[in-house]
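Contents: one structure, followed by commentary.
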Amino acid sequence: MQMSTPKAGAPAHNAGAPAAVELRGITKRYGSIVVCDDVRLTVHRGEIHGLLGQNGAGKSTLVKILIGLAQRDAGEILLEGRTVDISDPLAAADLGIAMVHQHFSLVEELTVWENVTLGEAGRPDARRTRDLVRDIGLRYGLDVDPDARVEDLSTGERQRVEIIKCLRRDPSLLILDEPTSVLTLAESRELFTVLRHVAQGEGKTVILISHKLDEILSATDHVTIMRSGRIVAQRATAATDERELAREMVGRELSKWVAASALGDSDALIDPSLSTDPAMLSPVEPIHEDEFPVRLRIHEARVSRDGRPLLQGLSLDLRAGEILGLAGVEGNGQQVLGDLLSSLVELDSGTVEMDGVALATGRPGVMHMAGIGVIPEDRHASGCVLDMSVAENLVMSTVESVARRGFVSRKAIRANAERLIEQFEIATPSPDTPMRQLSGGNQQKVVLARELSLNPRVLVAAYPTRGLDVGAIEYMTERLHDAAASGIAVLLISTELEEILTLSHHIAVIHRGSIVGQMRRVDVDAERLGLMMGGQVV
Amino acid sequence: MIESLALILASSLRLATPLMFAGLGEYMAEKAGMINISIEGMMLAGAFSAILGATVTGSPVLGLVFGILAGVMIAFVHATFSYRLTVNTYVVGLTLNLLVLGLTSFLLDTLDLADSQLSKFEIPFLSDLPLVGQAVFNQRWPAYLLWILIPTVWFVMYRTRWGLDMRAIGENPAAVDATGINVLKRQRQGLLLAGAFSGLGGAYLSVAEVGLFNQNMTAARGYVVIAAVIFGGWTIKGTIAGCLLFGAADAMRLALPALGFTLNAQLLIASPYILALVALVVFARRSRAPAAYGRPFVRGLT
């Protein structure tokens with residue numbers, strides 16, 4: 001073997017052989033937000049490389065750049081040592097890059113072989129395609145009946161079809177985005193056996209995106225951890241453990257976010273042992289358990305849609321006067337929970353009780369009448385009507401209060417608006433200004449003002465500070481605290497850990513549609529939280 | 001009694017034939033997730049152009065070709081607006097229908113159109129069969145095209161790549177897009193085919209069935225065609241059955257008074273449409289529509 005001069009920055013793995021994939025200084029910005037910041041990554045042939053990180057860490061964007069769905073702003077991509085330009089998904093396919101998406105891209109009405117042949121040229125050849133499906137199935141252990149209709153298959157089988165679709169083109173690099181989010185444990189194990197075979201038996205390269213620690217540990221050879229668009233750690237999987245991964249994934253620096261919500265004046269009661277960890281500086285005064293009565297109790301809630309379980313026996317108690325932060329990686333049931341408390345979803349089994357009285361689920365208006373106010377996840381989609389005025393938006397859920405015998409009183413609407421605008425410091429030229437012209441922070445204030453003006457007993461705030469600037473975040477933080485102090489039970493749903501740590505008295509972690517753990521704010525440590533978010537019961 | 005039954009049967013089939021032509025076209029379009037209310041306009045334009053073409057060229061066969069081209073032309077406009085520029089398909093369809101109705105009514109007054117009719121073709125021996133003989137085997141000759149077109153449409157949809165693409169688009173356009181197929185282009189192609197079939201249906205109505213053109217000749221038959229596809233649960237068999245059913249209802253409307261039944265005239269005229277409405281309510285929920293039915297496709301990954 002000849003000695004080759006090692007390239008700067010490239011670790012000598014199989015000395016001489018170029019890496020299967022090498023990313024050099026990949027940077028991607030959306031507007032002023034940097035989602036990938038100078039990412040350097042080397043993946044070798046025949047290995048399974050894990051990409052670990054929370055939501056918004058930049059994993060997905062990085063992969064989108066690799067398969068041509070997004071274009072990098074800076075940096076270089078090298079495949080087998082050759083610089084390549086990936087302009088669109090077809091170019092990626094030509095280069096031998098295939099991806100199994102998180103959401104299946106199968107046509108349910110068609111059979112397996114029809115799905116596999118979709119997008120090829122020439123007359124569809126049923127016999128040849130069936131044989132191909134069987135061959136790939138035998139070769140990789142992906143057993144599936146080529147003549148079955150996809151809609152009759154289980155999610156595990158569907159994923160097999162998805163992978164067969166990729167492997168059929170004989171790619172050299174296979175990327176899987178959160179492949180197990182819809183699978184059972186047994187199906188996940190099967191999948192990893194297949195991936196192991198793809199990597200080692202067939203000499204292909206696999207990149208596995210995940211936020212589940214045990215998966216990364218059991219399935220990968222190397223792991224790269226991303227946080228806020230940057231690579232924060234790279235390890236050989238054998239040389240690391242859950243605790244380290246959890247710590248790196250969640251991070252420990254004091255974020256701008258916490259610094260911005262400057263509520264640090266009331267943190268006298270922090271556990272001294274935590275004060276060494278700046279992210280754990282808590283502005284939240286601990287509240288003793290049982291001090292307040294349970295307001296809202298969700299018991300063993302189960303919901304499934306299209307045969308896919310969304311909530312799996314979720315139980316949660318909300319206490320009056322307390323903020324309960326619901327932490328967890330996105331897509332683990334937060335949205336259904338929000339929908340449930342907005343009367344949009346009916347439970348398959350389980351109960352929702354308000355002060356001991358059971359509430360009918362899925363019946364329009366019931367939750368609202370019972371005193372549950374909701375600040376929805378997407379204020380533009382379901383929080384307000386952008387083309388109506390501020391005043392109209394403010395009475396949207398209390399039209400009765402300004403109406404008599406079916407006629408609304410403009411005077412009453414205006415009076416109500418003026419009162420709330422002053423009370424909640426909404427910056428608007430006039431009550432008649434269309435919602436659209438307000439800043440995001442002020443739109444959110446309108447939603448908050450409307451929900452709080454109903455004197456709710458429970459307030460559900462889903463991602464209340466998403467997309468807001470520093471000042472607005474601070475405002476929302478204060479208001480939510482005031483709400484809790486006035487005796488409202490607040491449920492804070494968020495994937496921003498800092499937001500939850502700053503606001504909550506109690507923290508519950510949701511994973512796969514159930515609560516995996518609950519702790520008091522003062523008892524939180526990042527490692528444990530990270531482990532729980534990764535699906536470990538601690 | 002047998003005689004009047006044979007008459008009703010013949011008249012049912014005659015009235016169902018234009019529906020079946022258009023129904024085959026709309027079936028293909030709906031499989032790809034499209035609902036084209038412009039079918040009505042295509043049929044009406046086809047009916048008018050067929051008579052116009054026959055008048056100009058003196059040949060009712062060329063009139064038939066004119067009718068097909070007129071349907072394709074309307075489809076081209078609809079496809080360009082809705083499946084290239086992504087204007088709402090209902091808005092475009094409604095506009096086209098009104099435009100065609102107004103234009104044909106105006107031109108009917110302005111132009112001097114001749115009557116023109118294609119000949120009947122009687123199949124020997126078979127037409128002597130009792131009851132169905134005259135109805136099925138003694139028709140204007142283009143009606144026999146259905147015997148070729150029905151299996152052809154099935155073959156195209158279920159044995160060719162184009163058909164596979166179309167069926168997949170109706171279910172999951174985003175997935176099809178991801179495999180590198182141009183979804184909107186396929187939908188445009190499907191719409192053009194629907195235009196050709198509907199134009200033929202309309203032309204059959206004027207130049208074969210009646211022999212002249214009346215104002216608003218199709219009288220909402222285009223909407224009945226859409227109802228037939230839904231009634232048929234998005235299958236070819238079902239679509240044809242739906243067209244036959246609506247044709248029969250239409251025939252009863254004409255036959256009942258002749259047989260001596262006195263019914264409210266308005267109710268009779270409305271009966272095929274009432275039947276279509278009832279069929280829709282009863283059957284629309286029972287069968288499985290294409291998953292992306294009536295939803296415009298916008299590129300971009302979820």
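In the structure tokens, the first chain shown is A, the next is B, and so on; residue numbers restart at 1 for each chain, and ligands run from 1 in the order shown.
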
- Query: Could you name the residues that touch Ala417 of chain A at 7 Å or less, counting only C-alpha atoms, but leaving out those on the same chain fewer than 4 positions away, as an NGL selection string?
  - Reply: :A and (391 or 394 or 413 or 421 or 431)

- Item | Contact set, chain A to chain B: 6 Å, only C-alpha atoms, as a ChimeraX atom specification | /A:105,107,119,123-124

Restricting the output to N, CA and C atoms, write the selected residues as a PDB file, in the first residue's frame.
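And here's again-v6.pdb as it stands now:
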ATOM      1  N   SER A 105     -43.789   7.028   1.785  1.00  0.00           N
ATOM      2  CA  SER A 105     -44.236   7.594   0.520  1.00  0.00           C
ATOM      3  C   SER A 105     -44.758   6.464  -0.348  1.00  0.00           C
ATOM      4  N   VAL A 107     -48.102   4.313  -2.042  1.00  0.00           N
ATOM      5  CA  VAL A 107     -49.468   4.485  -2.500  1.00  0.00           C
ATOM      6  C   VAL A 107     -50.281   3.308  -1.971  1.00  0.00           C
ATOM      7  N   GLY A 119     -42.335   4.890 -11.070  1.00  0.00           N
ATOM      8  CA  GLY A 119     -41.243   5.801 -11.348  1.00  0.00           C
ATOM      9  C   GLY A 119     -40.195   5.219 -12.282  1.00  0.00           C
ATOM     10  N   ARG A 123     -42.875  -0.547 -19.927  1.00  0.00           N
ATOM     11  CA  ARG A 123     -44.131  -1.144 -19.486  1.00  0.00           C
ATOM     12  C   ARG A 123     -43.941  -1.827 -18.148  1.00  0.00           C
ATOM     13  N   PRO A 124     -44.886  -1.648 -17.222  1.00  0.00           N
ATOM     14  CA  PRO A 124     -44.720  -2.314 -15.933  1.00  0.00           C
ATOM     15  C   PRO A 124     -44.725  -3.832 -16.119  1.00  0.00           C
TER      16      PRO A 124
END

- Determine which residues of segment 178-296 of chain B receive a DSSP assignment of alpha helix (DSSP H), computed from the backbone, and state them as a ChimeraX atom specification. /B:178,183-203,221-231,236-258,265-283

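Interatomic distance, atom CA of Asp145 of chain A against atom CA of Phe155 of chain B: 24.1 Å.
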
- Contacts of Pro124 of chain B at 12 Å (only C-alpha atoms; same-chain gap of 2+ positions) as a count of residues only: 11

- Note on the structure: Taken to one decimal, the atom CA of Gly53 of chain A-atom CA of Ile67 of chain A distance is 19.2 Å

- Task: Tell me which protein, DNA and RNA residues are within 7 Å of segment 91-98 of chain B, counting only C-alpha atoms, leaving out same-chain ones fewer than 2 positions away, and put them as a ChimeraX atom specification.
- Result: /B:36-38,40-41,78,88-89,100-102

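Close contacts of Arg140 of chain B, defined as residues with an atom at most 7 Å away when counting only C-alpha atoms, with chain neighbours fewer than 6 positions off set aside, comprise Leu118, Ser119, Lys120, Phe121 and Ala208 of chain B.
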
- Message: as a PyMOL selection string, please: every residue in segment 7-233 of chain B that DSSP puts in strand (DSSP E or B).
- Response: chain B and resi 120-122+138-140

Determine, counting only C-alpha atoms, which protein, DNA and RNA residues have an atom within 7 Å of an atom of segment 212-216 of chain B; residues of the same chain fewer than 3 positions away are not included. Present the result as a PDB file with C-alpha atoms, in the first residue's frame.
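Everything below was put into part37.pdb:
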ATOM      1  CA  ALA B  47     -72.299  18.534 -29.620  1.00  0.00           C
ATOM      2  CA  PHE B  48     -72.260  21.977 -31.214  1.00  0.00           C
ATOM      3  CA  ILE B  51     -73.116  19.800 -36.160  1.00  0.00           C
ATOM      4  CA  LEU B 101     -73.335  27.553 -22.970  1.00  0.00           C
ATOM      5  CA  SER B 105     -76.439  29.604 -27.813  1.00  0.00           C
ATOM      6  CA  ASP B 115     -79.352  18.955 -39.875  1.00  0.00           C
ATOM      7  CA  SER B 116     -77.039  16.007 -40.214  1.00  0.00           C
ATOM      8  CA  SER B 206     -76.010  15.757 -31.712  1.00  0.00           C
ATOM      9  CA  VAL B 207     -74.733  14.224 -34.900  1.00  0.00           C
ATOM     10  CA  ALA B 219     -78.771  19.801 -20.213  1.00  0.00           C
TER      11      ALA B 219
END
